[in-house]
Structure formats: C-alpha cells, structure tokens
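Here is the file work-v7.cif (mmCIF, C-alpha atoms).
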data_input
#
loop_
_atom_site.label_atom_id
_atom_site.label_comp_id
_atom_site.auth_asym_id
_atom_site.auth_seq_id
_atom_site.Cartn_x
_atom_site.Cartn_y
_atom_site.Cartn_z
CA MET A 5 -79.87 2.23 11.23
CA SER A 6 -80.48 -0.74 8.94
CA ILE A 7 -83.75 -1.62 7.26
CA THR A 8 -83.92 -5.06 5.60
CA PRO A 9 -87.42 -5.87 4.31
CA LEU A 10 -87.84 -8.99 2.18
CA ILE A 11 -90.04 -8.07 -0.76
CA ALA A 12 -91.71 -10.55 -3.14
CA VAL A 13 -91.66 -8.83 -6.50
CA GLY A 14 -94.18 -11.29 -7.90
CA THR A 15 -94.76 -14.56 -9.69
CA THR A 16 -93.11 -14.85 -13.10
CA PHE A 17 -93.61 -17.29 -15.98
CA SER A 18 -90.71 -17.85 -18.37
CA PHE A 19 -89.00 -20.37 -20.64
CA ALA A 20 -85.46 -21.73 -20.24
CA HIS A 21 -85.16 -22.22 -24.03
CA PRO A 22 -87.69 -19.82 -25.57
CA TRP A 23 -86.21 -20.10 -29.06
CA LEU A 24 -87.59 -23.65 -29.33
CA LEU A 25 -91.10 -22.14 -29.36
CA LEU A 26 -90.39 -21.20 -33.00
CA LEU A 27 -91.13 -24.85 -33.81
CA LEU A 28 -94.80 -24.06 -33.11
CA LEU A 29 -94.82 -22.17 -36.41
CA VAL A 30 -94.28 -25.49 -38.23
CA LEU A 31 -97.62 -26.92 -37.03
CA PRO A 32 -99.90 -24.67 -39.17
CA VAL A 33 -97.73 -25.50 -42.19
CA LEU A 34 -98.10 -29.24 -41.55
CA ALA A 35 -101.84 -28.88 -41.09
CA LEU A 36 -102.12 -26.96 -44.36
CA LEU A 37 -100.06 -29.49 -46.30
CA ARG A 38 -102.01 -32.40 -44.85
CA GLY A 39 -105.28 -30.75 -45.80
CA LYS A 40 -104.17 -30.30 -49.42
CA ILE A 41 -102.49 -33.67 -49.93
CA GLY A 42 -104.80 -35.77 -47.79
CA GLY A 43 -104.19 -39.21 -46.37
CA THR A 44 -103.61 -42.59 -48.10
CA PRO A 45 -106.93 -44.03 -49.37
CA GLY A 46 -108.07 -47.32 -47.89
CA ILE A 47 -110.43 -48.34 -50.79
CA LEU A 48 -110.43 -47.16 -54.41
CA PHE A 49 -113.76 -46.36 -56.12
CA SER A 50 -114.43 -45.50 -59.72
CA SER A 51 -116.74 -42.79 -58.49
CA THR A 52 -117.06 -41.19 -55.05
CA LYS A 53 -120.78 -40.64 -55.56
CA LEU A 54 -121.42 -44.13 -54.24
CA VAL A 55 -120.10 -43.31 -50.76
CA MET A 56 -120.56 -39.55 -50.48
CA ALA A 57 -123.55 -39.78 -48.16
CA VAL A 58 -122.25 -42.69 -46.08
CA GLY A 59 -121.08 -41.46 -42.66
CA LYS A 60 -120.26 -38.03 -44.03
CA ARG A 61 -120.91 -36.02 -40.88
CA ARG A 62 -119.40 -38.57 -38.52
CA ARG A 63 -116.14 -38.97 -40.47
CA SER A 64 -115.74 -35.21 -40.89
CA ARG A 65 -116.08 -34.71 -37.16
CA ALA A 66 -113.80 -37.65 -36.39
CA GLY A 67 -111.06 -36.36 -38.67
CA ALA A 68 -111.16 -32.93 -37.06
CA VAL A 69 -110.96 -34.38 -33.55
CA LEU A 70 -108.11 -36.73 -34.39
CA ALA A 71 -106.19 -33.93 -36.09
CA SER A 72 -106.74 -31.64 -33.10
CA LEU A 73 -105.44 -34.29 -30.73
CA LEU A 74 -102.35 -34.87 -32.85
CA TYR A 75 -101.45 -31.19 -33.29
CA GLY A 76 -102.30 -30.45 -29.66
CA ALA A 77 -99.92 -33.22 -28.57
CA MET A 78 -97.17 -31.88 -30.82
CA ALA A 79 -97.68 -28.37 -29.43
CA CYS A 80 -97.46 -29.62 -25.83
CA LEU A 81 -94.25 -31.52 -26.58
CA ILE A 82 -92.67 -28.44 -28.18
CA VAL A 83 -93.63 -26.31 -25.17
CA ALA A 84 -92.15 -28.98 -22.89
CA LEU A 85 -88.87 -28.84 -24.86
CA ALA A 86 -88.76 -25.06 -24.24
CA ARG A 87 -88.87 -25.79 -20.46
CA PRO A 88 -91.61 -23.53 -19.06
CA GLN A 89 -90.84 -22.31 -15.54
CA LEU A 90 -92.92 -20.71 -12.83
CA GLY A 91 -90.88 -18.67 -10.39
CA ARG A 92 -91.03 -16.11 -7.61
CA THR A 93 -88.45 -13.36 -7.65
CA LEU A 94 -87.42 -11.87 -4.31
CA GLU A 95 -85.57 -8.67 -3.51
CA ARG A 96 -83.75 -8.13 -0.23
CA ILE A 97 -83.17 -4.41 0.29
CA GLN A 98 -80.43 -3.36 2.69
CA ALA A 99 -80.80 0.37 3.36
CA SER A 100 -78.43 2.38 5.53
CA GLY A 101 -80.94 4.98 6.59
CA VAL A 102 -80.42 8.51 7.81
CA ASP A 103 -82.12 10.09 10.84
CA ILE A 104 -83.28 13.62 10.06
CA MET A 105 -84.89 16.25 12.28
CA LEU A 106 -86.54 19.09 10.33
CA VAL A 107 -86.66 22.26 12.44
CA LEU A 108 -89.15 24.76 10.99
CA ASP A 109 -89.71 28.38 12.00
CA VAL A 110 -93.41 29.24 12.47
CA SER A 111 -92.98 32.71 13.95
CA GLY A 112 -95.10 35.69 12.88
CA SER A 113 -92.66 36.79 10.18
CA MET A 114 -93.43 33.58 8.26
CA MET A 115 -96.76 35.20 7.36
CA ALA A 116 -94.95 37.38 4.81
CA GLU A 117 -96.17 36.60 1.30
CA ASP A 118 -93.02 36.88 -0.77
CA TYR A 119 -93.22 33.41 -2.35
CA THR A 120 -95.27 32.16 -5.29
CA ILE A 121 -96.62 28.72 -6.18
CA GLY A 122 -97.68 28.71 -9.81
CA SER A 123 -99.20 32.14 -10.37
CA SER A 124 -100.48 32.55 -6.79
CA ARG A 125 -98.73 34.44 -4.03
CA VAL A 126 -98.30 32.42 -0.84
CA ASN A 127 -96.78 33.01 2.56
CA ARG A 128 -93.44 31.60 3.65
CA ILE A 129 -94.82 28.81 5.82
CA ASP A 130 -96.96 27.39 2.99
CA ALA A 131 -93.96 27.40 0.65
CA VAL A 132 -91.84 25.69 3.29
CA LYS A 133 -94.46 23.02 3.93
CA ARG A 134 -94.67 22.29 0.21
CA VAL A 135 -90.94 21.68 -0.30
CA THR A 136 -90.71 19.84 3.04
CA GLN A 137 -93.36 17.37 1.89
CA GLN A 138 -91.46 16.78 -1.36
CA PHE A 139 -88.27 16.23 0.63
CA ILE A 140 -89.99 13.67 2.88
CA GLU A 141 -91.48 11.79 -0.08
CA ALA A 142 -88.06 11.57 -1.74
CA ARG A 143 -86.51 9.76 1.26
CA PRO A 144 -88.70 6.69 2.00
CA ASN A 145 -85.94 4.78 3.84
CA ASP A 146 -85.07 7.50 6.38
CA ARG A 147 -86.56 8.20 9.78
CA ILE A 148 -87.69 11.82 9.78
CA GLY A 149 -89.09 13.97 12.55
CA ILE A 150 -90.35 17.56 12.69
CA ILE A 151 -89.94 20.28 15.30
CA ALA A 152 -91.67 23.64 14.84
CA PHE A 153 -90.71 26.70 16.81
CA ALA A 154 -91.54 30.34 17.43
CA GLY A 155 -90.96 31.70 20.95
CA ARG A 156 -90.32 28.08 22.00
CA PRO A 157 -90.07 24.74 20.18
CA TYR A 158 -92.74 22.07 20.10
CA LEU A 159 -92.70 18.54 18.66
CA VAL A 160 -94.78 18.03 15.53
CA SER A 161 -93.66 14.45 14.98
CA PRO A 162 -90.97 12.20 16.49
CA LEU A 163 -88.62 10.31 14.18
CA THR A 164 -90.68 7.90 12.14
CA LEU A 165 -90.69 5.79 8.98
CA ASP A 166 -94.44 6.31 8.63
CA HIS A 167 -94.14 9.21 6.20
CA GLU A 168 -97.86 9.35 5.41
CA TRP A 169 -98.55 10.04 9.07
CA LEU A 170 -95.65 12.51 9.11
CA ILE A 171 -97.08 14.48 6.18
CA ARG A 172 -100.51 14.58 7.81
CA ASN A 173 -98.90 16.14 10.88
CA LEU A 174 -97.00 18.59 8.67
CA ASP A 175 -100.33 19.77 7.22
CA ARG A 176 -101.43 20.74 10.72
CA VAL A 177 -98.45 23.04 11.29
CA GLN A 178 -99.82 26.56 11.59
CA LEU A 179 -98.68 29.98 12.71
CA GLY A 180 -99.64 31.16 16.19
CA LEU A 181 -99.70 27.79 17.97
CA VAL A 182 -97.17 29.06 20.54
CA GLU A 183 -96.09 32.51 21.67
CA ASP A 184 -94.32 34.55 19.02
CA GLY A 185 -90.55 34.95 18.84
CA THR A 186 -87.61 33.10 17.26
CA ALA A 187 -85.96 30.64 19.65
CA ILE A 188 -83.34 29.19 17.30
CA GLY A 189 -81.05 27.90 20.07
CA SER A 190 -83.84 26.14 21.95
CA ALA A 191 -85.16 24.59 18.75
CA LEU A 192 -81.71 23.22 17.89
CA ALA A 193 -81.32 21.87 21.42
CA SER A 194 -84.66 20.08 21.10
CA ALA A 195 -83.56 18.47 17.82
CA VAL A 196 -80.26 17.37 19.39
CA SER A 197 -82.18 15.78 22.25
CA ARG A 198 -84.33 13.79 19.80
CA LEU A 199 -81.33 12.48 17.86
CA LYS A 200 -78.72 11.82 20.54
CA ASP A 201 -79.84 8.32 21.56
CA ARG A 202 -80.33 7.00 18.03
CA ASP A 203 -78.02 4.31 16.67
CA SER A 204 -77.95 5.56 13.07
CA LYS A 205 -74.61 6.29 11.42
CA THR A 206 -75.83 9.60 9.96
CA LYS A 207 -77.83 12.16 11.92
CA LEU A 208 -78.95 15.39 10.28
CA ILE A 209 -80.61 18.57 11.44
CA VAL A 210 -82.17 20.85 8.83
CA LEU A 211 -82.96 24.24 10.35
CA LEU A 212 -85.14 26.69 8.42
CA THR A 213 -85.82 30.20 9.69
CA ASP A 214 -86.38 33.72 8.44
CA GLY A 215 -85.38 35.60 11.58
CA ALA A 216 -82.82 36.24 14.28
CA ASN A 217 -82.57 34.50 17.64
CA ASN A 218 -84.57 36.60 20.11
CA ALA A 219 -86.16 34.07 22.47
CA GLY A 220 -85.38 30.91 24.40
CA LYS A 221 -82.81 30.12 27.08
CA VAL A 222 -80.20 28.31 24.95
CA LEU A 223 -77.70 30.08 22.69
CA PRO A 224 -77.74 28.86 19.06
CA LEU A 225 -73.97 28.34 18.85
CA THR A 226 -74.00 26.35 22.09
CA SER A 227 -76.62 24.01 20.61
CA ALA A 228 -74.57 23.73 17.42
CA GLU A 229 -71.47 22.74 19.40
CA ALA A 230 -73.48 20.09 21.27
CA ALA A 231 -74.76 18.69 17.95
CA LYS A 232 -71.24 18.47 16.57
CA ALA A 233 -69.96 16.73 19.71
CA LEU A 234 -72.66 14.08 19.28
CA GLY A 235 -71.80 13.47 15.62
CA MET A 236 -74.68 15.39 14.05
CA LYS A 237 -74.54 17.47 10.90
CA ILE A 238 -76.49 20.73 10.55
CA TYR A 239 -77.83 22.35 7.40
CA THR A 240 -79.35 25.82 7.74
CA VAL A 241 -81.77 27.52 5.37
CA GLY A 242 -82.55 31.23 5.40
CA ALA A 243 -86.09 31.80 4.10
CA GLY A 244 -87.57 34.92 2.54
CA SER A 245 -86.39 37.86 0.49
CA ASP A 246 -84.49 40.92 1.69
CA GLY A 247 -86.01 44.31 2.34
CA PRO A 248 -89.67 45.23 2.92
CA VAL A 249 -92.06 42.32 2.30
CA PRO A 250 -95.88 42.24 2.04
CA VAL A 251 -97.59 41.01 5.20
CA PRO A 252 -101.40 40.58 5.47
CA VAL A 253 -102.79 42.71 8.31
CA GLY A 254 -106.53 42.27 7.83
CA LYS A 255 -109.46 42.82 5.48
CA ASP A 256 -110.96 46.01 4.09
CA MET A 257 -114.68 46.80 3.94
CA PHE A 258 -115.00 44.81 0.72
CA GLY A 259 -113.35 41.70 2.18
CA LYS A 260 -110.11 42.19 0.30
CA THR A 261 -106.85 41.37 2.08
CA VAL A 262 -104.90 44.43 3.19
CA TYR A 263 -101.10 44.25 3.08
CA ARG A 264 -98.42 46.28 4.78
CA LYS A 265 -94.76 46.36 3.83
CA MET A 266 -92.60 45.26 6.74
CA VAL A 267 -88.91 44.59 7.40
CA PHE A 268 -87.88 41.73 9.73
CA ASP A 269 -84.59 41.11 11.47
CA PHE A 270 -82.62 38.36 9.79
CA ASP A 271 -79.28 37.04 11.09
CA GLU A 272 -77.68 35.43 8.06
CA LYS A 273 -74.26 35.40 9.73
CA LEU A 274 -75.60 33.30 12.61
CA LEU A 275 -77.06 30.68 10.26
CA ASP A 276 -73.76 30.46 8.41
CA GLN A 277 -71.86 29.97 11.70
CA ILE A 278 -74.26 27.25 12.85
CA ALA A 279 -73.80 25.36 9.57
CA LYS A 280 -70.00 25.62 9.73
CA ILE A 281 -69.90 24.34 13.31
CA GLY A 282 -72.20 21.48 12.33
CA ASP A 283 -70.06 20.50 9.30
CA GLY A 284 -73.01 21.31 7.05
CA LYS A 285 -73.86 24.13 4.68
CA TYR A 286 -75.88 27.34 4.73
CA PHE A 287 -78.42 28.02 1.96
CA ARG A 288 -80.30 31.21 1.11
CA ALA A 289 -83.81 30.53 -0.21
CA ALA A 290 -85.15 33.91 -1.20
CA ASP A 291 -87.89 32.62 -3.52
CA THR A 292 -89.75 29.46 -4.48
CA ASP A 293 -87.18 28.31 -7.04
CA THR A 294 -84.22 28.63 -4.69
CA MET A 295 -86.22 26.96 -1.91
CA ASP A 296 -86.85 23.96 -4.17
CA LYS A 297 -83.19 23.83 -5.23
CA THR A 298 -82.04 24.03 -1.61
CA PHE A 299 -83.96 20.96 -0.48
CA ARG A 300 -82.99 19.03 -3.62
CA GLU A 301 -79.35 19.87 -2.92
CA ILE A 302 -79.60 18.65 0.67
CA ASP A 303 -81.30 15.49 -0.56
CA ARG A 304 -78.50 14.92 -3.09
CA MET A 305 -75.71 15.52 -0.58
CA GLU A 306 -77.10 13.12 2.02
CA LYS A 307 -78.30 10.19 -0.05
CA THR A 308 -79.24 6.92 1.64
CA LYS A 309 -77.10 3.96 0.55
CA ILE A 310 -79.23 1.09 -0.74
CA GLU A 311 -78.04 -2.38 -1.70
CA VAL A 312 -80.44 -4.68 -3.54
CA GLU A 313 -79.90 -8.45 -3.57
CA LYS A 314 -82.15 -10.37 -5.97
CA SER A 315 -82.90 -14.07 -5.84
CA ALA A 316 -85.29 -16.31 -7.75
CA ASP A 317 -86.92 -19.66 -7.02
CA TYR A 318 -88.12 -21.47 -10.17
CA ARG A 319 -90.24 -24.60 -10.60
CA ASP A 320 -90.07 -26.48 -13.92
CA LEU A 321 -93.45 -27.08 -15.57
CA PHE A 322 -92.23 -29.16 -18.52
CA PRO A 323 -93.35 -32.49 -16.91
CA LEU A 324 -96.95 -31.22 -17.01
CA PHE A 325 -96.78 -30.34 -20.70
CA LEU A 326 -94.91 -33.58 -21.47
CA ALA A 327 -97.56 -35.62 -19.69
CA LEU A 328 -100.36 -33.72 -21.45
CA GLY A 329 -98.67 -34.32 -24.82
CA VAL A 330 -98.35 -38.05 -24.15
CA ILE A 331 -102.00 -38.24 -23.05
CA LEU A 332 -103.17 -36.48 -26.24
CA LEU A 333 -101.01 -38.78 -28.41
CA GLY A 334 -102.39 -41.82 -26.59
CA ALA A 335 -105.96 -40.61 -27.06
CA GLU A 336 -105.37 -40.05 -30.77
CA ALA A 337 -103.84 -43.52 -31.17
CA VAL A 338 -106.65 -45.28 -29.29
CA LEU A 339 -109.51 -43.45 -31.05
CA SER A 340 -107.98 -43.88 -34.49
CA GLN A 341 -107.71 -47.65 -33.96
CA THR A 342 -111.10 -48.19 -32.27
CA LEU A 343 -114.08 -45.83 -32.51
CA TRP A 344 -112.83 -43.91 -35.53
CA ARG A 345 -110.70 -46.61 -37.14
CA ARG A 346 -110.05 -46.14 -40.85
CA LEU A 347 -110.80 -48.87 -43.32
CA PRO A 348 -107.68 -50.86 -44.30
#
Target encoding structure tokens, full file:
Amino acid sequence: MSITPLIAVGTTFSFAHPWLLLLLLVLPVLALLRGKIGGTPGILFSSTKLVMAVGKRRRSRAGAVLASLLYGAMACLIVALARPQLGRTLERIQASGVDIMLVLDVSGSMMAEDYTIGSSRVNRIDAVKRVTQQFIEARPNDRIGIIAFAGRPYLVSPLTLDHEWLIRNLDRVQLGLVEDGTAIGSALASAVSRLKDRDSKTKLIVLLTDGANNAGKVLPLTSAEAAKALGMKIYTVGAGSDGPVPVPVGKDMFGKTVYRKMVFDFDEKLLDQIAKIGDGKYFRAADTDTMDKTFREIDRMEKTKIEVEKSADYRDLFPLFLALGVILLGAEAVLSQTLWRRLP
C-alpha cells in the first residue's frame, strides 16, 4: 500500500542575502551624526534671534518629513539588496504502509484484575485497550482493523486509516457481547479473511489472549498455516499473570466489590507455535509494564518506511521594495525643491 499526500507546510518569508540587512544599523548612526552636525547654512546672520520665530513650526515639521523620506528610502533599498522572498514549502510523503489486524480476546477470563494503571487496579481488557490505543496512535500511516473474540469472533472495525474512528470503536469493546469461550482458531481465520485481498506488501496479525482454544470450528494451527501461505506475519501476546488471580464476582451489602481467586487455562505453548508458524514472535505480558513493552517492541520491529521529498516555490519581493525606495527618494527630491525648498 502506498500513501502519497501532498502537504503544504506553509508560507515562509526569507532573505536570499540576510547579512546585507546589517547595513540597516548604519542608518541610525547617520541620522545621529546629521542631527549633531546639521546641514550647510543658506544665509548667515549675526544673531539667530531675528529669524527664530519665522516659520519655526513649519520648517521643523518639513525637516522631519524630508529626513523620514530619505531614511525610509535608504532602508527600502537595503532590504531590496537583501532579496526578500515569499515562498511556499511543500512536502510529498511516500509511505509504504502496513496492514494490521488486531485480534483481541474478550472472554470472561479477561475480567481478572491483575493489572494496574497508575495506582489503580484494572482488569485485563482495560489494560489491553489502553496499550492498543497507544499502538494505533503511533502508526498513523497504517491501515488497522480490530477483531474481538470470545466463543466466536466479531468485527469491531475493518481496516481503516481513520484512526480516530477506530479508537472510538475500540472504546466500545466490552466483555459479554458474544457467548463466552476462547475461539482462537476462528478469530485467526477471520483476520486472515480480512487481510487476504489487500495489496499491501506487509500484512500483520497481532493476537492477544489469556486463555486456551476451547471454542470455534477452526484449529488455531490451521489458521496460522493459512496466514503464512498468504504472506502474513503473526505476533502473539499472552496476557495476564500465572496462578490464582482476583476476579470480581459481585457486591457485598455495603456496595463493595467482592473478589474471588480463580485459575484459568492458558496455553502458552500454542501461542508460541502460532507465532513460529507465522514468522513472528511470542510475547508474555504478565503485567502493565511488560504489556507496554510488548506493543512498543512490535511497533519497533514493524516500522513503516517513510520517504519525504521537500520542494519550495519562492517569489522575489525585491522589486516591490526597490520601487518603494525609488518613490520615497523621488518624493524627498520633489518636496525639497518645491514646497519645502531651502533658501540658497
């Protein structure tokens, strides 16, 4: 599968020769020197008291305007020399995506509360949903689907790139939606069926369960062989801790949850065989930390290849600044020789 969106990163403003902008620092120095030294006098008087009040406000304003036009023109010409450019940078992303079917056990044994999130004890299905969401969010360029199963499999979501919609469907996965049991073989067969007609180069099945196959009409190893024949890779994850685990069985008279220690059948050997047939790997996720590490490891081993090609389209703006500088110089020249002409 190939995804090639063309993405406009945004409009950028830059200079081809930014070091020339240092010349702008000269303008305040020139203005300061001109203010101290002053211009060449047109008429000499023995005392300035004779002309102090003549046109004082008008000449002060005229000098400021003419100076502003001159320095503004010089600033525009310096900016024009630095060649300002307005451009749009584009990124073309070529992603060789991976098709992934997540196959999640939602049988009754997933009610066991032998996981923790923070300081709170949670059941296995809530822990699985948490790491599954993180896994989905980490793979934005892959088509991912979800199959849940107990006594039989059912489709939670087909393969999709709409991961927000996928996560919303994951939130609705609950225990007890179908008859209880652990139909591992049928669940694998359903995942194979969803992947077989896809044109992607890499097809993965991630199977997570805490039990042994005791339902369904298809043998797990038969489904694994079919997946291998169709070029699919299988990773298996064994959830939950060994031995007796606390399972909620109801409430007492005070509304407090009552737990009972239970032991569930778990076929670790079967999961290992399925992974070997499917050229994948078997992981044991006995607690929250190992569950997190398991999905991060699968994510690392099956990374999507992404190639980024960048291009930029720039438009020079120096003619605008050059024209503005010439206009300001022209205005200064005309005003200084007409309306605000100095005495010879």
Selection result for the PyMOL selection byres ((chain A and resi 190-203) around 6) on this file, as a PyMOL selection string: chain A and resi 157+187-189+204+220+222+227+231
Answer key for the PyMOL selection byres ((chain A and resi 333) around 9), residues as a ChimeraX atom specification: /A:73-74,76-78,328-332,334-338
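Closest approach to Pro323 in chain A among A:Leu174, A:Leu28, A:Ala84, A:Ala71 is made by A:Ala84 (distances from all atoms listed in the file).
Between Gln341 in chain A and the candidates A:Ile121, A:Leu70, A:Gly284, A:Ala243, the tightest atom-to-atom separation, counting all atoms listed in the file, involves A:Leu70.
You can rank A:Leu208, A:Val267, A:Leu339, A:Ala131 by their closest distance to Gly282 in chain A using only C-alpha atoms, and at the top of that list sits A:Leu208.
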Using the chain letters and numbers from this file, what does the PyMOL selection byres ((chain A and resi 119) around 7) select? Give the answer as a short mmCIF file (atom, residue, chain, number, x, y, z; two decimals) with C-alpha atoms, in the coordinates of the input.
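The resulting file, expr_31.cif, is reproduced below:
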data_model
loop_
_atom_site.label_atom_id
_atom_site.label_comp_id
_atom_site.auth_asym_id
_atom_site.auth_seq_id
_atom_site.Cartn_x
_atom_site.Cartn_y
_atom_site.Cartn_z
CA GLU A 117 -96.17 36.60 1.30
CA ASP A 118 -93.02 36.88 -0.77
CA THR A 120 -95.27 32.16 -5.29
CA ILE A 121 -96.62 28.72 -6.18
CA ARG A 125 -98.73 34.44 -4.03
CA VAL A 126 -98.30 32.42 -0.84
CA ASN A 127 -96.78 33.01 2.56
CA ARG A 128 -93.44 31.60 3.65
CA ALA A 131 -93.96 27.40 0.65
CA ASP A 291 -87.89 32.62 -3.52
CA THR A 292 -89.75 29.46 -4.48
#
Interatomic distance (Å, one decimal) between CA of Arg38 in chain A and CA of Leu85 in chain A: 24.2 Å
For Leu165 in chain A: contacts at 12 Å, only C-alpha atoms, fewer than 5 positions along chain excluded, given as number ranges by chain: A: 5, 7, 101-104, 140-141, 143-149, 170-171
Expected residue set, 6 Å radius at (-87.5, -26.1, -26.7), all atoms listed in the file, as a ChimeraX atom specification: /A:21,24-25,82,85-86
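Going from CA of Leu234 in chain A to CA of Thr206 in chain A covers 10.8 Å.
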Given all atoms listed in the file as the counted atoms, nearest of A:Lys237, A:Arg319, A:Arg300, A:Arg264 to Ala279 in chain A: A:Lys237
Distance query Ile238 in chain A at most 9 Å, all atoms listed in the file, self and fewer than 5 positions along chain excluded, as a PDB file with C-alpha atoms, in the frame of the given file:
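Below is the file that was written, part_30.pdb:
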ATOM      1  CA  LYS A 207     -77.830  12.160  11.920  1.00  0.00           C
ATOM      2  CA  LEU A 208     -78.950  15.390  10.280  1.00  0.00           C
ATOM      3  CA  ILE A 209     -80.610  18.570  11.440  1.00  0.00           C
ATOM      4  CA  VAL A 210     -82.170  20.850   8.830  1.00  0.00           C
ATOM      5  CA  LEU A 211     -82.960  24.240  10.350  1.00  0.00           C
ATOM      6  CA  ALA A 228     -74.570  23.730  17.420  1.00  0.00           C
ATOM      7  CA  ALA A 231     -74.760  18.690  17.950  1.00  0.00           C
ATOM      8  CA  LYS A 232     -71.240  18.470  16.570  1.00  0.00           C
ATOM      9  CA  ILE A 278     -74.260  27.250  12.850  1.00  0.00           C
ATOM     10  CA  ALA A 279     -73.800  25.360   9.570  1.00  0.00           C
ATOM     11  CA  LYS A 280     -70.000  25.620   9.730  1.00  0.00           C
ATOM     12  CA  ILE A 281     -69.900  24.340  13.310  1.00  0.00           C
ATOM     13  CA  GLY A 282     -72.200  21.480  12.330  1.00  0.00           C
ATOM     14  CA  ASP A 283     -70.060  20.500   9.300  1.00  0.00           C
ATOM     15  CA  GLY A 284     -73.010  21.310   7.050  1.00  0.00           C
ATOM     16  CA  LYS A 285     -73.860  24.130   4.680  1.00  0.00           C
ATOM     17  CA  TYR A 286     -75.880  27.340   4.730  1.00  0.00           C
TER      18      TYR A 286
END
Among the residues A:Val262, A:Val107, A:Leu36, A:Val132, the one that comes closest to Asp293 in chain A [using all atoms listed in the file]: A:Val132
Distance of CA of Ile150 in chain A from CA of Leu179 in chain A, expressed in Å to one decimal place: 15.0 Å
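Of the listed residues (A:Ala219, A:Met257, A:Phe299, A:Thr16), A:Thr16 comes nearest to Pro88 in chain A; the distances count all atoms listed in the file.
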Residues near Gly247 in chain A, cut-off 10 Å, all atoms listed in the file, skip fewer than 2 positions along chain, as a PyMOL selection string: chain A and resi 244-245+249+265-269
